[in-house]
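Beneath this line is the structure, given in structure tokens, with notes to follow.
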Amino acid sequence: MTVDNAAERPGGFEAATGDGPPAAAAPRERAAEVRIAFEGLLQIRRLTHTGPGDPAAAPAPWERGRPVRAVALALEAASFAASAEDASGERTATGYRVTPGEREGTVRVEWLGPHGGGAARQEERALTECAAALTPLGWEALLYRGPRRRRFLEVEPAP
């Protein structure tokens with residue numbers, strides 16, 4: 001499959017959230033799909049931006065309505081690896097996982113991996129780097145320590 005017909009797949013492009021299997025596309029093809037999707041997101045920002053300042057630095061209404069997809073796309077576009085699961089729900093890859101947050105309009109970003117794979121030791125550094133990639137895009141990402149002392153980001157559009 002070429003990038004040109006990526007939209008012909010059932011469901012079209014989906015940003016990797018870290019749940020489910022890894023992307024089926026070859027790495028170069030996936031990188032091209034992500035680049036095109038992220039450029040489209042930036043174009044949406046430019047076209048819908050009405051306030052002062054850089055339109056690339058503020059989430060568009062589309063993103064605010066779909067924060068899991070928007071944050072996952074931003075992380076994937078910044079070359080972070082997504083976690084993945086096999087059919088039984090076992091983690092098969094170390095990386096970010098984006099899920100809905102406890103409050104509407106927020107998301108939770110965790111750093112997960114296979115049991116014994118070292119994700120817990122990597123999480124503070126990796127999540128800090130994720131936050132640094134999201135901040136210039138208009139996302140406020142705060143690092144917290146949750147149950148079992150595991151860290152996570154709570155992400156929401158910056159005020």
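Please note that chains go A, B, ... in the order of the structure tokens, that every chain numbers its residues from 1, and that ligands are numbered from 1 in the order shown.
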Selection near A:Glu110, 9 Å with only C-alpha atoms, sequence-local residues under 2 positions removed, as a list in words: Gly95, Tyr96, Arg97, Val98, Thr99, Arg108, Leu112, Glu123, Leu127, Arg150, Arg151, Phe152 and Leu153 of chain A
Write the residues of the preceding selection, restricted to all heavy atoms, as an mmCIF file, in the first residue's frame.
```
data_model
loop_
_atom_site.group_PDB
_atom_site.id
_atom_site.type_symbol
_atom_site.label_atom_id
_atom_site.label_comp_id
_atom_site.auth_asym_id
_atom_site.auth_seq_id
_atom_site.Cartn_x
_atom_site.Cartn_y
_atom_site.Cartn_z
ATOM 1 N N GLY A 95 6.578 2.350 25.220
ATOM 2 C CA GLY A 95 6.316 3.672 24.677
ATOM 3 C C GLY A 95 5.154 4.331 25.378
ATOM 4 O O GLY A 95 4.691 3.874 26.425
ATOM 5 N N TYR A 96 4.664 5.406 24.771
ATOM 6 C CA TYR A 96 3.566 6.151 25.370
ATOM 7 C C TYR A 96 2.241 5.428 25.174
ATOM 8 O O TYR A 96 2.065 4.641 24.237
ATOM 9 C CB TYR A 96 3.480 7.570 24.808
ATOM 10 C CG TYR A 96 3.092 7.624 23.344
ATOM 11 C CD1 TYR A 96 1.759 7.549 22.951
ATOM 12 C CD2 TYR A 96 4.057 7.744 22.360
ATOM 13 C CE1 TYR A 96 1.395 7.571 21.620
ATOM 14 C CE2 TYR A 96 3.711 7.783 21.030
ATOM 15 C CZ TYR A 96 2.375 7.695 20.668
ATOM 16 O OH TYR A 96 2.022 7.715 19.343
ATOM 17 N N ARG A 97 1.319 5.716 26.067
ATOM 18 C CA ARG A 97 -0.076 5.287 25.939
ATOM 19 C C ARG A 97 -0.937 6.491 26.295
ATOM 20 O O ARG A 97 -0.762 7.088 27.360
ATOM 21 C CB ARG A 97 -0.388 4.148 26.881
ATOM 22 C CG ARG A 97 -1.847 3.728 26.844
ATOM 23 C CD ARG A 97 -2.100 2.624 27.852
ATOM 24 N NE ARG A 97 -3.467 2.181 27.801
ATOM 25 C CZ ARG A 97 -4.205 1.963 28.891
ATOM 26 N NH1 ARG A 97 -3.684 2.144 30.092
ATOM 27 N NH2 ARG A 97 -5.435 1.564 28.772
ATOM 28 N N VAL A 98 -1.845 6.868 25.401
ATOM 29 C CA VAL A 98 -2.719 8.019 25.607
ATOM 30 C C VAL A 98 -4.141 7.512 25.794
ATOM 31 O O VAL A 98 -4.655 6.773 24.944
ATOM 32 C CB VAL A 98 -2.664 8.993 24.410
ATOM 33 C CG1 VAL A 98 -3.535 10.207 24.658
ATOM 34 C CG2 VAL A 98 -1.234 9.410 24.101
ATOM 35 N N THR A 99 -4.770 7.918 26.906
ATOM 36 C CA THR A 99 -6.144 7.532 27.212
ATOM 37 C C THR A 99 -6.911 8.767 27.689
ATOM 38 O O THR A 99 -6.301 9.767 28.073
ATOM 39 C CB THR A 99 -6.195 6.449 28.306
ATOM 40 O OG1 THR A 99 -5.530 6.931 29.470
ATOM 41 C CG2 THR A 99 -5.546 5.148 27.833
ATOM 42 N N ARG A 108 -4.603 11.385 29.626
ATOM 43 C CA ARG A 108 -3.563 10.824 30.489
ATOM 44 C C ARG A 108 -2.536 10.164 29.576
ATOM 45 O O ARG A 108 -2.901 9.402 28.686
ATOM 46 C CB ARG A 108 -4.183 9.802 31.437
ATOM 47 C CG ARG A 108 -3.211 9.139 32.361
ATOM 48 C CD ARG A 108 -3.962 8.101 33.203
ATOM 49 N NE ARG A 108 -3.065 7.405 34.088
ATOM 50 C CZ ARG A 108 -3.099 7.482 35.409
ATOM 51 N NH1 ARG A 108 -4.024 8.230 35.995
ATOM 52 N NH2 ARG A 108 -2.245 6.806 36.141
ATOM 53 N N LEU A 112 4.543 2.876 29.141
ATOM 54 C CA LEU A 112 4.335 1.470 29.456
ATOM 55 C C LEU A 112 5.164 0.572 28.548
ATOM 56 O O LEU A 112 5.571 0.988 27.469
ATOM 57 C CB LEU A 112 2.855 1.111 29.292
ATOM 58 C CG LEU A 112 1.861 1.925 30.119
ATOM 59 C CD1 LEU A 112 0.439 1.547 29.735
ATOM 60 C CD2 LEU A 112 2.098 1.727 31.595
ATOM 61 N N GLU A 123 10.247 5.977 32.691
ATOM 62 C CA GLU A 123 9.044 6.804 32.588
ATOM 63 C C GLU A 123 9.250 8.269 32.940
ATOM 64 O O GLU A 123 8.713 9.133 32.239
ATOM 65 C CB GLU A 123 7.883 6.206 33.383
ATOM 66 C CG GLU A 123 8.031 6.300 34.860
ATOM 67 C CD GLU A 123 6.907 5.594 35.611
ATOM 68 O OE1 GLU A 123 6.043 4.947 34.995
ATOM 69 O OE2 GLU A 123 6.906 5.698 36.842
ATOM 70 N N LEU A 127 8.464 10.750 29.982
ATOM 71 C CA LEU A 127 7.291 11.602 30.111
ATOM 72 C C LEU A 127 7.670 13.080 30.144
ATOM 73 O O LEU A 127 6.938 13.929 29.620
ATOM 74 C CB LEU A 127 6.475 11.209 31.341
ATOM 75 C CG LEU A 127 5.767 9.856 31.229
ATOM 76 C CD1 LEU A 127 5.166 9.455 32.572
ATOM 77 C CD2 LEU A 127 4.713 9.857 30.131
ATOM 78 N N ARG A 150 3.773 4.966 40.004
ATOM 79 C CA ARG A 150 4.022 5.148 38.569
ATOM 80 C C ARG A 150 3.653 6.563 38.166
ATOM 81 O O ARG A 150 2.641 7.106 38.589
ATOM 82 C CB ARG A 150 3.207 4.143 37.733
ATOM 83 C CG ARG A 150 3.572 2.674 37.937
ATOM 84 C CD ARG A 150 4.977 2.326 37.485
ATOM 85 N NE ARG A 150 5.297 2.651 36.127
ATOM 86 C CZ ARG A 150 5.235 1.823 35.110
ATOM 87 N NH1 ARG A 150 4.850 0.573 35.278
ATOM 88 N NH2 ARG A 150 5.568 2.222 33.900
ATOM 89 N N ARG A 151 4.474 7.152 37.335
ATOM 90 C CA ARG A 151 4.251 8.521 36.883
ATOM 91 C C ARG A 151 3.366 8.542 35.639
ATOM 92 O O ARG A 151 3.339 7.579 34.868
ATOM 93 C CB ARG A 151 5.580 9.189 36.590
ATOM 94 C CG ARG A 151 6.389 9.439 37.848
ATOM 95 C CD ARG A 151 7.753 10.018 37.497
ATOM 96 N NE ARG A 151 8.502 10.323 38.684
ATOM 97 C CZ ARG A 151 9.258 9.447 39.344
ATOM 98 N NH1 ARG A 151 9.346 8.211 38.937
ATOM 99 N NH2 ARG A 151 9.922 9.819 40.422
ATOM 100 N N PHE A 152 2.691 9.671 35.440
ATOM 101 C CA PHE A 152 1.880 9.891 34.249
ATOM 102 C C PHE A 152 1.743 11.382 34.033
ATOM 103 O O PHE A 152 1.985 12.180 34.939
ATOM 104 C CB PHE A 152 0.493 9.235 34.386
ATOM 105 C CG PHE A 152 -0.382 9.854 35.437
ATOM 106 C CD1 PHE A 152 -1.284 10.853 35.108
ATOM 107 C CD2 PHE A 152 -0.302 9.436 36.761
ATOM 108 C CE1 PHE A 152 -2.084 11.442 36.087
ATOM 109 C CE2 PHE A 152 -1.109 10.002 37.739
ATOM 110 C CZ PHE A 152 -1.999 11.007 37.409
ATOM 111 N N LEU A 153 1.393 11.746 32.816
ATOM 112 C CA LEU A 153 1.104 13.131 32.479
ATOM 113 C C LEU A 153 -0.394 13.330 32.426
ATOM 114 O O LEU A 153 -1.116 12.473 31.895
ATOM 115 C CB LEU A 153 1.669 13.514 31.106
ATOM 116 C CG LEU A 153 3.158 13.565 30.911
ATOM 117 C CD1 LEU A 153 3.475 13.852 29.439
ATOM 118 C CD2 LEU A 153 3.796 14.598 31.810
#
```
Members of stretch 51-111 of chain A assigned strand (DSSP E or B) by DSSP, as number ranges by chain: A: 82, 84-85, 91-93, 95-100, 107-111
What lies within 12 Å of A:Arg103 using only C-alpha atoms, ignoring chain neighbours under 3 positions off, as a list in words? Pro67, Thr99, Pro100, Thr106, Val107, Arg108, Glu154, Val155 and Glu156 of chain A
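The closest residue to A:Thr48, picked from A:Glu63, A:Ala78, A:Ala93, A:Arg35 and counting only C-alpha atoms, is A:Glu63.
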Quick one: residues within 10 Å of A:Ala131, only C-alpha atoms counted, chain neighbours fewer than 4 positions away excluded, as a list in words? Leu75, Val109, Arg125, Ala126, Leu127, Thr135, Pro136, Trp139, Glu140, Ala141, Leu142, Leu143, Leu153, Glu154 and Val155 of chain A
With only C-alpha atoms as the basis for distance, which of A:Glu104, A:Glu14, A:Glu85, A:Glu129 is at the shortest distance from A:Pro157? A:Glu104
Figure out the distance between atom CA of A:Ala31 and atom CA of A:Thr94, please, to one decimal in Å. 18.0 Å
Using only C-alpha atoms, which of the listed residues (A:Gly20, A:Ala133, A:Arg30, A:Arg121) sits closest to A:Gly89?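 Distance minimum relative to A:Gly89 lands on A:Gly20.
Summary of the local environment: counting only C-alpha atoms, residues at most 7 Å from A:Ala60, other than itself and those fewer than 4 positions away along its chain, are Ile44, Arg45, Thr48 and Arg64 of chain A.
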